[in-house]
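Below: my_file.txt (compact mmCIF, C-alpha atoms and all ligand atoms)
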```txt
# COMPACT_ATOMS: atom_id res chain seq x y z
CA MET A 1309 115.72 54.54 15.13
CA LYS A 1310 114.12 51.31 14.04
CA ASN A 1311 116.92 48.83 13.44
CA VAL A 1312 116.51 48.39 9.70
CA ILE A 1313 120.12 47.44 9.06
CA GLU A 1314 119.91 44.13 10.87
CA LYS A 1315 117.18 42.88 8.55
CA TYR A 1316 119.37 43.14 5.43
CA ILE A 1317 122.91 42.24 6.47
CA ARG A 1318 124.69 38.92 6.75
CA LYS A 1319 125.35 39.37 10.43
CA GLU A 1320 127.81 36.50 10.66
CA MET A 1321 130.16 38.47 8.37
CA PHE A 1322 130.47 41.34 10.87
CA PRO A 1323 132.44 43.24 12.01
CA HIS A 1324 133.25 43.96 8.38
CA ILE A 1325 136.76 44.03 6.95
CA TRP A 1326 136.89 47.77 6.11
CA CYS A 1327 139.34 50.01 7.96
CA PRO A 1328 138.26 52.29 10.83
CA GLY A 1329 136.29 55.22 9.42
CA CYS A 1330 136.10 53.85 5.86
CA GLY A 1331 133.16 55.40 4.03
CA ASN A 1332 132.10 52.10 2.45
CA GLY A 1333 130.10 51.28 5.57
CA ILE A 1334 128.37 54.65 5.56
CA VAL A 1335 127.30 54.14 1.94
CA LEU A 1336 126.13 50.62 2.77
CA GLY A 1337 123.94 52.09 5.51
CA ALA A 1338 122.48 54.67 3.14
CA LEU A 1339 121.76 51.99 0.53
CA ILE A 1340 120.02 49.73 3.02
CA ARG A 1341 117.89 52.56 4.41
CA ALA A 1342 116.87 53.56 0.89
CA ILE A 1343 115.91 50.00 -0.04
CA ASP A 1344 114.03 49.52 3.22
CA SER A 1345 112.04 52.70 2.68
CA LEU A 1346 110.85 51.35 -0.67
CA GLY A 1347 109.55 48.22 1.04
CA TRP A 1348 111.21 45.85 -1.41
CA GLU A 1349 111.57 42.17 -0.57
CA LYS A 1350 115.15 40.99 -0.29
CA ASP A 1351 114.62 38.46 -3.08
CA GLU A 1352 113.53 41.18 -5.50
CA VAL A 1353 116.93 42.83 -5.31
CA ALA A 1354 120.10 41.78 -7.12
CA MET A 1355 123.28 43.55 -6.09
CA VAL A 1356 126.39 43.21 -8.23
CA SER A 1357 129.93 44.44 -7.64
CA GLY A 1358 133.41 44.16 -9.15
CA ILE A 1359 136.74 44.24 -7.33
CA GLY A 1360 138.02 46.70 -4.76
CA CYS A 1361 137.39 47.41 -1.08
CA SER A 1362 134.06 49.00 -1.99
CA SER A 1363 133.11 45.98 -4.08
CA ARG A 1364 133.20 43.77 -1.00
CA ILE A 1365 129.87 45.32 -0.15
CA THR A 1366 127.99 42.47 -1.83
CA GLY A 1367 129.40 40.05 0.72
CA TYR A 1368 127.65 41.83 3.56
CA VAL A 1369 124.05 42.02 2.34
CA ASP A 1370 121.40 39.38 2.20
CA PHE A 1371 120.07 40.12 -1.30
CA ASN A 1372 120.79 38.14 -4.45
CA THR A 1373 124.44 39.10 -4.71
CA MET A 1374 127.27 38.65 -7.16
CA ASN A 1375 130.91 39.65 -6.74
CA THR A 1376 132.40 39.66 -10.22
CA THR A 1377 135.70 40.71 -11.82
CA HIS A 1378 137.35 44.13 -11.76
CA GLY A 1379 135.35 46.72 -13.70
CA ARG A 1380 132.70 44.23 -14.81
CA ALA A 1381 129.85 44.84 -12.38
CA LEU A 1382 127.78 46.53 -15.10
CA PRO A 1383 128.13 43.83 -17.78
CA PHE A 1384 127.01 41.19 -15.27
CA ALA A 1385 124.24 43.47 -14.02
CA THR A 1386 123.14 44.00 -17.63
CA GLY A 1387 122.93 40.23 -18.14
CA ILE A 1388 120.86 39.81 -14.99
CA LYS A 1389 118.50 42.63 -15.94
CA MET A 1390 118.05 41.36 -19.51
CA SER A 1391 117.25 37.82 -18.38
CA ASN A 1392 114.94 38.91 -15.57
CA PRO A 1393 113.75 42.51 -15.99
CA LYS A 1394 111.58 42.20 -12.86
CA LEU A 1395 114.64 42.23 -10.61
CA LYS A 1396 115.78 45.50 -9.07
CA VAL A 1397 119.40 45.51 -10.13
CA ILE A 1398 122.01 47.57 -8.32
CA ALA A 1399 125.69 47.80 -9.27
CA VAL A 1400 128.04 49.10 -6.60
CA MET A 1401 131.45 50.22 -7.82
CA GLY A 1402 134.58 51.99 -6.64
CA ASP A 1403 135.91 54.91 -8.65
CA GLY A 1404 138.72 52.78 -10.07
CA ASP A 1405 136.36 49.91 -10.80
CA CYS A 1406 133.83 52.19 -12.49
CA ALA A 1407 135.90 54.90 -14.18
CA ALA A 1408 139.19 53.17 -15.01
CA ILE A 1409 138.99 49.50 -15.96
CA GLY A 1410 135.17 49.63 -16.16
CA GLY A 1411 134.95 53.02 -17.86
CA ASN A 1412 133.64 51.78 -21.17
CA HIS A 1413 131.02 49.56 -19.56
CA PHE A 1414 129.83 52.53 -17.58
CA ILE A 1415 129.46 54.79 -20.63
CA HIS A 1416 127.60 52.15 -22.62
CA ALA A 1417 125.28 51.13 -19.80
CA ALA A 1418 124.33 54.81 -19.59
CA ARG A 1419 123.98 55.06 -23.37
CA ARG A 1420 121.57 52.11 -23.42
CA ASN A 1421 119.63 53.54 -20.52
CA ILE A 1422 119.14 50.11 -19.02
CA ASP A 1423 117.19 50.03 -15.77
CA ILE A 1424 120.09 49.56 -13.37
CA THR A 1425 121.10 51.75 -10.43
CA ALA A 1426 124.83 52.42 -10.28
CA VAL A 1427 126.16 53.50 -6.90
CA ILE A 1428 129.74 54.71 -7.14
CA ILE A 1429 131.74 55.00 -3.95
CA ASN A 1430 134.25 57.61 -5.02
CA ASN A 1431 137.17 57.69 -2.59
CA MET A 1432 139.34 59.12 -5.39
CA ILE A 1433 141.95 56.37 -5.17
CA TYR A 1434 142.60 52.65 -5.59
CA GLY A 1435 142.09 51.80 -1.93
CA MET A 1436 142.52 48.05 -1.99
CA THR A 1437 145.83 47.92 -3.82
CA GLY A 1438 147.58 50.64 -1.82
CA GLY A 1439 146.74 54.06 -3.17
CA GLN A 1440 147.52 54.18 -6.89
CA TYR A 1441 145.84 57.23 -8.42
CA SER A 1442 142.56 56.60 -10.22
CA PRO A 1443 140.81 58.60 -12.97
CA MET A 1444 139.00 60.32 -10.10
CA THR A 1445 142.08 61.47 -8.15
CA PRO A 1446 142.04 65.26 -8.31
CA THR A 1447 144.87 66.96 -10.18
CA GLY A 1448 147.73 67.75 -7.83
CA LYS A 1449 146.77 65.20 -5.16
CA PHE A 1450 149.13 62.42 -4.21
CA GLY A 1451 149.03 58.69 -4.75
CA SER A 1452 151.56 55.88 -4.42
CA THR A 1453 151.97 56.15 -8.21
CA ALA A 1454 151.92 59.95 -8.09
CA PRO A 1455 154.53 60.78 -5.44
CA TYR A 1456 155.03 64.26 -6.95
CA GLY A 1457 151.34 64.98 -7.41
CA ASN A 1458 148.87 63.74 -10.00
CA ILE A 1459 149.23 65.48 -13.38
CA ASP A 1460 146.09 63.92 -14.89
CA GLN A 1461 142.77 65.69 -15.00
CA ASN A 1462 140.08 63.80 -13.12
CA PHE A 1463 136.74 62.84 -14.63
CA ASP A 1464 133.53 64.52 -13.60
CA LEU A 1465 131.73 61.19 -13.40
CA SER A 1466 128.28 62.67 -12.92
CA ALA A 1467 128.65 64.91 -15.98
CA LEU A 1468 129.98 61.92 -17.92
CA ALA A 1469 126.95 59.80 -16.99
CA ALA A 1470 124.53 62.57 -17.85
CA SER A 1471 126.03 63.20 -21.27
CA ALA A 1472 126.31 59.48 -22.03
CA GLY A 1473 122.54 58.97 -21.76
CA ALA A 1474 121.53 58.17 -18.17
CA SER A 1475 118.08 59.01 -16.76
CA TYR A 1476 119.03 60.11 -13.27
CA VAL A 1477 122.32 61.46 -11.97
CA ALA A 1478 123.13 62.79 -8.51
CA ARG A 1479 126.12 63.29 -6.25
CA SER A 1480 126.37 63.36 -2.49
CA SER A 1481 128.96 62.50 0.16
CA ILE A 1482 129.42 60.42 3.27
CA TYR A 1483 129.32 63.63 5.27
CA ASN A 1484 125.68 64.02 4.31
CA PRO A 1485 124.15 60.55 4.67
CA ASN A 1486 120.56 61.85 4.65
CA GLN A 1487 121.01 63.41 1.24
CA GLY A 1488 122.80 60.31 -0.04
CA THR A 1489 119.97 58.07 1.13
CA ARG A 1490 117.40 60.33 -0.50
CA PHE A 1491 119.25 60.34 -3.83
CA ILE A 1492 119.72 56.57 -3.79
CA LYS A 1493 116.02 56.13 -3.13
CA LYS A 1494 115.17 58.31 -6.12
CA ALA A 1495 117.67 56.49 -8.28
CA LEU A 1496 116.23 53.12 -7.28
CA SER A 1497 112.71 54.30 -8.10
CA LYS A 1498 113.79 55.56 -11.51
CA LYS A 1499 113.12 53.48 -14.60
CA GLY A 1500 116.33 53.69 -16.62
CA PHE A 1501 120.03 53.98 -15.88
CA SER A 1502 120.45 55.90 -12.65
CA VAL A 1503 123.72 56.99 -11.10
CA VAL A 1504 124.50 58.13 -7.58
CA GLU A 1505 128.09 59.10 -6.92
CA ILE A 1506 128.99 59.29 -3.25
CA ILE A 1507 132.19 61.12 -2.37
CA SER A 1508 133.86 58.93 0.22
CA ASP A 1509 137.02 58.65 2.26
CA CYS A 1510 139.93 56.25 2.43
CA PRO A 1511 142.01 57.33 5.42
CA ILE A 1512 144.46 54.51 4.76
CA SER A 1513 145.39 54.92 1.11
CA TYR A 1514 144.22 58.43 0.20
CA GLY A 1515 144.56 60.00 3.62
CA ARG A 1516 148.03 58.66 4.29
CA MET A 1517 149.41 60.30 1.16
CA ASN A 1518 147.47 63.55 1.39
CA LYS A 1519 147.94 64.55 5.02
CA LEU A 1520 144.45 63.38 5.95
CA ARG A 1521 145.33 60.33 7.99
CA THR A 1522 142.36 60.20 10.33
CA PRO A 1523 138.72 59.55 9.41
CA VAL A 1524 137.70 62.89 10.95
CA LYS A 1525 140.33 64.79 8.93
CA MET A 1526 139.07 63.10 5.77
CA MET A 1527 135.47 63.97 6.67
CA GLU A 1528 136.45 67.60 7.29
CA TRP A 1529 138.15 67.73 3.90
CA ILE A 1530 135.12 66.28 2.14
CA LYS A 1531 132.93 68.82 3.91
CA SER A 1532 135.27 71.64 2.84
CA ILE A 1533 135.25 70.73 -0.87
CA SER A 1534 131.48 70.10 -1.08
CA VAL A 1535 129.33 72.87 -2.56
CA PRO A 1536 125.58 72.68 -3.25
CA LYS A 1537 124.83 72.69 -6.99
CA LYS A 1538 123.07 76.07 -6.85
CA THR A 1539 126.02 77.77 -5.15
CA TRP A 1540 128.43 76.05 -7.53
CA GLU A 1541 126.73 77.54 -10.58
CA LYS A 1542 127.45 81.04 -9.29
CA LEU A 1543 131.16 80.43 -8.63
CA SER A 1544 133.92 81.73 -10.90
CA VAL A 1545 136.26 79.29 -12.64
CA GLU A 1546 138.91 80.08 -10.06
CA GLU A 1547 136.52 79.49 -7.14
CA LYS A 1548 135.39 76.19 -8.61
CA LYS A 1549 138.91 74.80 -8.39
CA ASP A 1550 139.19 72.05 -5.77
CA LYS A 1551 135.43 72.12 -5.11
CA ILE A 1552 132.81 69.51 -6.00
CA PRO A 1553 129.15 70.31 -6.72
CA MET A 1554 126.60 68.22 -4.80
CA GLY A 1555 123.02 67.62 -5.77
CA GLU A 1556 120.82 66.22 -8.52
CA PHE A 1557 122.06 66.90 -12.04
CA LEU A 1558 119.60 65.00 -14.20
CA ASP A 1559 116.14 63.50 -13.80
CA ILE A 1560 114.43 62.69 -17.09
CA CYS A 1561 112.10 60.05 -18.56
CA ILE A 1562 113.38 58.37 -21.72
CA PRO A 1563 112.71 54.89 -23.20
CA GLU A 1564 114.38 52.11 -21.25
CA TYR A 1565 116.42 49.30 -22.78
CA THR A 1566 114.63 46.13 -21.59
CA ASP A 1567 111.30 47.70 -22.61
CA LYS A 1568 112.65 48.44 -26.06
CA TYR A 1569 114.06 44.93 -26.31
CA LYS A 1570 110.64 43.51 -25.47
CA GLU A 1571 109.18 45.50 -28.34
CA VAL A 1572 111.83 44.14 -30.68
CA CYS A 1573 110.98 40.59 -29.58
CA ALA A 1574 107.29 41.22 -30.29
CA ILE A 1575 108.05 42.58 -33.78
CA ALA A 1576 110.30 39.61 -34.52
CA GLN A 1577 107.65 37.13 -33.36
CA GLU A 1578 105.08 38.73 -35.62
CA GLY A 1579 107.45 38.31 -38.53
CA GLY A 1580 108.04 42.05 -38.87
CA GLY A 1581 111.32 43.80 -39.48
CA ASN A 1582 112.90 45.62 -42.36
CA GLU A 1583 111.92 43.12 -45.08
CA MET B 296 122.13 54.23 33.59
CA VAL B 297 124.62 51.90 31.89
CA THR B 298 124.07 48.22 31.32
CA LYS B 299 126.02 45.66 29.36
CA LYS B 300 124.74 42.64 27.52
CA ASP B 301 127.04 40.57 25.30
CA ASN B 302 129.08 43.30 23.64
CA MET B 303 126.28 45.82 23.71
CA LYS B 304 126.72 48.76 26.05
CA VAL B 305 123.40 50.40 26.70
CA TYR B 306 123.12 53.97 27.99
CA GLN B 307 119.69 55.26 28.82
CA ASN B 308 117.58 57.87 30.48
CA GLU B 309 113.81 58.26 30.33
CA GLU B 310 113.80 59.56 26.75
CA THR B 311 116.76 58.04 25.02
CA LYS B 312 118.55 54.76 24.65
CA ILE B 313 122.01 54.71 23.05
CA ILE B 314 123.35 51.29 22.21
CA VAL B 315 127.03 50.79 21.39
CA ASN B 316 128.21 47.52 19.90
CA GLU B 317 131.75 47.38 21.23
CA GLU B 318 132.57 44.31 19.19
CA TRP B 319 131.85 46.11 15.92
CA CYS B 320 133.07 49.62 16.83
CA LYS B 321 136.48 50.44 15.36
CA SER B 322 137.07 53.63 17.36
CA CYS B 323 137.09 55.83 14.26
CA GLY B 324 135.84 58.82 16.25
CA ILE B 325 133.33 60.03 13.66
CA CYS B 326 130.27 59.78 15.93
CA ILE B 327 132.07 61.51 18.79
CA ASN B 328 133.43 64.34 16.67
CA TYR B 329 130.21 65.14 14.87
CA CYS B 330 127.65 64.85 17.65
CA PRO B 331 126.15 68.36 17.65
CA LYS B 332 125.50 68.20 21.40
CA LYS B 333 128.81 66.61 22.45
CA VAL B 334 126.93 63.77 24.10
CA LEU B 335 129.64 61.24 23.32
CA VAL B 336 133.17 60.96 24.65
CA ALA B 337 135.79 58.34 23.89
CA ASN B 338 136.81 55.83 26.53
CA GLU B 339 140.38 54.51 26.73
CA LYS B 340 139.69 52.16 23.81
CA GLY B 341 138.14 54.91 21.71
CA TYR B 342 134.61 53.54 22.02
CA PRO B 343 131.92 56.19 22.42
CA VAL B 344 130.48 56.62 25.91
CA ALA B 345 127.19 58.54 26.16
CA GLU B 346 128.31 60.72 29.03
CA LYS B 347 125.84 63.52 28.44
CA ILE B 348 122.89 61.47 27.32
CA ASP B 349 120.50 64.05 28.78
CA ASP B 350 121.68 66.49 26.09
CA CYS B 351 120.93 64.09 23.22
CA ILE B 352 118.45 65.54 20.72
CA GLN B 353 118.05 62.24 18.86
CA CYS B 354 119.27 63.73 15.61
CA MET B 355 120.54 60.25 14.66
CA LEU B 356 123.65 61.65 12.99
CA CYS B 357 125.91 59.35 14.98
CA GLU B 358 123.92 56.33 13.83
CA LEU B 359 123.76 57.47 10.18
CA ARG B 360 127.46 58.27 9.94
CA CYS B 361 128.81 55.24 11.78
CA PRO B 362 130.60 53.13 9.16
CA ASP B 363 130.29 50.04 11.33
CA PHE B 364 126.63 50.00 12.43
CA ALA B 365 128.04 50.09 15.94
CA ILE B 366 125.93 52.84 17.49
CA ARG B 367 122.17 53.13 17.59
CA VAL B 368 119.87 55.69 19.16
CA GLU B 369 116.32 54.89 20.19
CA ASN B 370 113.53 57.05 21.46
CA ARG B 371 112.26 55.05 24.43
CA LYS B 372 108.70 56.30 23.99
CA LYS B 373 108.26 55.41 20.35
CA VAL B 374 110.24 53.51 17.76
CA ALA B 375 110.64 55.92 14.89
CA ASN B 376 111.14 55.16 11.23
CA TYR B 377 113.66 56.94 9.11
CA ASN B 378 112.14 59.84 7.17
CA MET B 379 113.76 60.11 3.81
CA LYS B 380 112.76 63.70 3.06
CA ASP B 381 114.64 65.51 5.75
CA GLY B 382 116.24 62.77 7.78
CA SER B 383 113.93 63.48 10.69
CA LEU B 384 112.06 60.68 12.37
CA GLU B 385 108.50 59.67 11.74
CA ASP B 386 106.25 57.22 13.55
C1 LIG C 1601 141.89 42.78 -14.05
C2 LIG C 1601 142.42 43.31 -12.76
N1 LIG C 1601 143.32 44.31 -12.77
C3 LIG C 1601 143.79 44.81 -11.61
C4 LIG C 1601 143.39 44.29 -10.42
C5 LIG C 1601 143.96 44.86 -9.14
N2 LIG C 1601 143.03 45.68 -8.43
C6 LIG C 1601 142.27 45.21 -7.43
S1 LIG C 1601 141.29 46.35 -6.71
C7 LIG C 1601 141.90 47.55 -7.75
C8 LIG C 1601 141.45 48.99 -7.65
C9 LIG C 1601 140.35 49.25 -6.70
O1 LIG C 1601 140.06 50.61 -6.65
P1 LIG C 1601 138.57 51.12 -6.57
O2 LIG C 1601 137.75 50.47 -7.60
O3 LIG C 1601 138.60 52.59 -6.58
O4 LIG C 1601 138.04 50.55 -5.19
P2 LIG C 1601 138.47 50.83 -3.67
O5 LIG C 1601 139.40 49.73 -3.27
O6 LIG C 1601 139.09 52.19 -3.61
O7 LIG C 1601 137.18 50.77 -2.94
C10 LIG C 1601 142.85 47.04 -8.62
C11 LIG C 1601 143.57 47.84 -9.62
C12 LIG C 1601 142.44 43.26 -10.44
N3 LIG C 1601 141.96 42.72 -9.31
N4 LIG C 1601 141.98 42.78 -11.61
S1 LIG C 1602 142.00 50.72 2.22
FE1 LIG C 1602 140.72 52.54 2.08
S2 LIG C 1602 138.92 51.91 0.86
FE2 LIG C 1602 139.97 50.05 1.57
S3 LIG C 1602 138.88 49.50 3.48
FE3 LIG C 1602 140.69 50.72 4.03
S4 LIG C 1602 139.92 52.82 4.17
FE4 LIG C 1602 138.38 51.64 3.02
S1 LIG C 1603 121.56 61.25 18.26
FE1 LIG C 1603 122.57 63.20 17.77
S2 LIG C 1603 122.67 64.27 19.74
FE2 LIG C 1603 122.24 62.15 20.22
S3 LIG C 1603 124.24 61.20 20.57
FE3 LIG C 1603 123.76 60.89 18.41
S4 LIG C 1603 124.70 62.60 17.33
FE4 LIG C 1603 124.59 63.16 19.52
S1 LIG C 1604 131.31 56.03 14.40
FE1 LIG C 1604 130.88 53.88 14.87
S2 LIG C 1604 132.84 52.81 14.62
FE2 LIG C 1604 133.29 55.01 14.75
S3 LIG C 1604 133.70 55.35 16.94
FE3 LIG C 1604 131.52 55.78 16.61
S4 LIG C 1604 130.50 53.82 17.06
FE4 LIG C 1604 132.68 53.37 16.79
```
Can you give me the file's structure in the form of structure tokens?
Amino acid sequence: MKNVIEKYIRKEMFPHIWCPGCGNGIVLGALIRAIDSLGWEKDEVAMVSGIGCSSRITGYVDFNTMNTTHGRALPFATGIKMSNPKLKVIAVMGDGDCAAIGGNHFIHAARRNIDITAVIINNMIYGMTGGQYSPMTPTGKFGSTAPYGNIDQNFDLSALAASAGASYVARSSIYNPNQGTRFIKKALSKKGFSVVEIISDCPISYGRMNKLRTPVKMMEWIKSISVPKKTWEKLSVEEKKDKIPMGEFLDICIPEYTDKYKEVCAIAQEGGGNE
Amino acid sequence: MVTKKDNMKVYQNEETKIIVNEEWCKSCGICINYCPKKVLVANEKGYPVAEKIDDCIQCMLCELRCPDFAIRVENRKKVANYNMKDGSLED
């Protein structure tokens, strides 16, 4: 295959820091292939991340990049998009980064429908800090802070994004990198808030505590819990347990935030308003 | 045929070229395990060796699933682009 990766990475930073078999690299590959297929210039793209293993992604790509604070990728991305709406803004987040500490930012970015693509690498755990459970850890699974099994319910992040007001929502996994790339491409092309959740692995923190210590075992598990959306809809409540639907959940056209803000500016400049 | 340049191990026959970057490979085993044609086997360090390169169907799955950009597959007759629709290759 044409070596598209080389064109976009900061080669001097490689080999990257992620553990053997960590899905972050697979998602990075899918992201790069999607961007390349759109033919965007590197300078047109701004990629923002927070804190976590997954958030280190911005250090490896040669776009405009920003590594911010934990959970705050979307506020920074919002600022970038508002000040320069021409930029293609991408926020890459871990499940902890996005759904725990950054949960409110996520909901409100979706509610505003601002033209940002959120890519969530969901390894269902806090990887970087040693396996504390996250809001995405499935009920009953183990974490360093859930040694007897997690009693929380986990979020359905895609359903959350769709109900909060996003324009495009899809879910795929590292087992299926073609599908992931295709969804990311669609999300990037979408005007509005677009979300692609990629189910990923963390053999070190998640795998170690859930008897899935090797990358291949983690992959096999992800494969076994993945169900296409159409099949999922036909399953009984009992059959849906421990399974995750994959596919596109939302693809709509609604007014976008920076466009609406431009209109407000025009009204204000003409002296309009509620007077 | 196997050649080595820097840390790149190159395996090739008339159709296919498989390039393994042994400096970047972390021996995770994903490419080896999921090759549908069992082209790849692990050497003593866990790096993939394209032992059955003649069986390779250039599905690119090893390249797409490698978390470390450490394995690449090229068609020696044409350099294909990635086709987003079905993951197949296009000119
Ligand atoms: C304000 C703040 N609180 C807590 C931390 C510690 N911390 C660093 S990364 C992280 C969780 C990362 O988990 P996730 O976002 O799922 O990413 P992963 O490492 O799994 O890719 C936490 C809690 C921090 N850096 N900053
Ligand atoms: S700790 Fe987990 S998420 Fe972090 S690099 Fe290692 S495998 Fe990846
Ligand atoms: S391209 Fe496909 S068949 Fe060839 S080595 Fe890679 S995974 Fe195996
Ligand atoms: S998938 Fe990549 S890192 Fe893993 S063994 Fe194969 S070449 Fe090495």
>> I need the chain A residues near chain B as number ranges by chain; criterion: at most 9 Å, counting all atoms listed in the file.
In response: A: 1309-1313, 1322-1324, 1326-1338, 1341-1342, 1345, 1482-1487, 1489-1490, 1493, 1522-1524, 1527
> Got a sec: who's within 8 Å of segment 1426-1441 of chain A, counting all atoms listed in the file, leaving out chain neighbours fewer than 3 positions off, as an NGL selection string?
Replying inline: :A and (1332 or 1335 or 1360-1362 or 1398-1404 or 1406 or 1444-1446 or 1450-1454 or 1458 or 1492 or 1501-1510 or 1512-1514)
Just the selected residues (C-alpha atoms), exported as a compact mmCIF listing (two decimals), in the coordinates of the input, please.
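Contents of the output file result_32.txt:
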```txt
# COMPACT_ATOMS: atom_id res chain seq x y z
CA ASN A 1332 132.10 52.10 2.45
CA VAL A 1335 127.30 54.14 1.94
CA GLY A 1360 138.02 46.70 -4.76
CA CYS A 1361 137.39 47.41 -1.08
CA SER A 1362 134.06 49.00 -1.99
CA ILE A 1398 122.01 47.57 -8.32
CA ALA A 1399 125.69 47.80 -9.27
CA VAL A 1400 128.04 49.10 -6.60
CA MET A 1401 131.45 50.22 -7.82
CA GLY A 1402 134.58 51.99 -6.64
CA ASP A 1403 135.91 54.91 -8.65
CA GLY A 1404 138.72 52.78 -10.07
CA CYS A 1406 133.83 52.19 -12.49
CA MET A 1444 139.00 60.32 -10.10
CA THR A 1445 142.08 61.47 -8.15
CA PRO A 1446 142.04 65.26 -8.31
CA PHE A 1450 149.13 62.42 -4.21
CA GLY A 1451 149.03 58.69 -4.75
CA SER A 1452 151.56 55.88 -4.42
CA THR A 1453 151.97 56.15 -8.21
CA ALA A 1454 151.92 59.95 -8.09
CA ASN A 1458 148.87 63.74 -10.00
CA ILE A 1492 119.72 56.57 -3.79
CA PHE A 1501 120.03 53.98 -15.88
CA SER A 1502 120.45 55.90 -12.65
CA VAL A 1503 123.72 56.99 -11.10
CA VAL A 1504 124.50 58.13 -7.58
CA GLU A 1505 128.09 59.10 -6.92
CA ILE A 1506 128.99 59.29 -3.25
CA ILE A 1507 132.19 61.12 -2.37
CA SER A 1508 133.86 58.93 0.22
CA ASP A 1509 137.02 58.65 2.26
CA CYS A 1510 139.93 56.25 2.43
CA ILE A 1512 144.46 54.51 4.76
CA SER A 1513 145.39 54.92 1.11
CA TYR A 1514 144.22 58.43 0.20
```
> What separation in Å, quoted to one decimal, exists between atom CA of Leu1346 of chain A and atom CA of Ile1388 of chain A?
Replying inline: 20.9 Å
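One distance worth recording is that between atom CA of Asp1344 of chain A and atom CA of Phe1384 of chain A, which is 24.1 Å.
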> What gap, in Å, lies between atom CA of Ile1424 of chain A and atom CA of Val1397 of chain A?
Replying inline: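 Calculated distance between atom CA of Ile1424 of chain A and atom CA of Val1397 of chain A is 5.2 Å.
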>> Show me, as number ranges by chain, the residues that have an atom within 6 Å of segment 1533-1538 of chain A when counting all atoms listed in the file, minus same-chain residues fewer than 5 positions from it.
In response: A: 1551-1555
>> Show me, as a list of chain:residue names, the residues that have an atom within 7 Å of segment 345-351 of chain B when counting all atoms listed in the file, minus same-chain residues fewer than 2 positions from it.
In response: B:Tyr306, B:Lys332, B:Val334, B:Leu335, B:Val336, B:Pro343, B:Gln353
How would the residues just picked look written out with C-alpha atoms as a PDB file, in the frame of the given file?
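Done, and the output landed in again-v8.pdb:
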```
ATOM      1  CA  TYR B 306     123.120  53.970  27.990  1.00  0.00           C
ATOM      2  CA  LYS B 332     125.500  68.200  21.400  1.00  0.00           C
ATOM      3  CA  VAL B 334     126.930  63.770  24.100  1.00  0.00           C
ATOM      4  CA  LEU B 335     129.640  61.240  23.320  1.00  0.00           C
ATOM      5  CA  VAL B 336     133.170  60.960  24.650  1.00  0.00           C
ATOM      6  CA  PRO B 343     131.920  56.190  22.420  1.00  0.00           C
ATOM      7  CA  GLN B 353     118.050  62.240  18.860  1.00  0.00           C
TER       8      GLN B 353
END
```
> Do you know which residues are at most 12 Å from Lys299 of chain B counting only C-alpha atoms, after dropping those on the same chain fewer than 5 positions away, and could you put them as a ChimeraX atom specification?
Replying inline: /B:304-307,313-317
>> With distances taken over only C-alpha atoms, which residue among A:Gly1387, A:Gly1515, A:Gly1448, A:Gly1411 lies nearest Thr1566 of chain A?
In response: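 Looking only at the distances to Thr1566 of chain A, the closest residue turns out to be A:Gly1387.
Each of A:Arg1420, A:Lys1449, A:Lys1525, A:Lys1570 was compared to Asp1550 of chain A using all atoms listed in the file, and A:Lys1449 turns out to be the nearest.
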>> Using only C-alpha atoms, can you tell me which of A:Pro1443, A:Gly1457, A:Gly1580, A:Pro1393 comes closest to Ala1354 of chain A?
In response: A:Pro1393
> Between B:Lys300, B:Lys372, B:Val344, B:Lys333, which has the minimum distance to ligand LIG 1603 (chain C) (counting all atoms listed in the file)?
Replying inline: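 Going through B:Lys300, B:Lys372, B:Val344, B:Lys333 one by one, the smallest distance to ligand LIG 1603 (chain C) is for B:Lys333.
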> Counting all atoms listed in the file, which of A:Thr1386, A:Asn1462, A:Thr1539, A:Thr1373 gets nearest to His1416 of chain A?
Replying inline: A:Thr1386
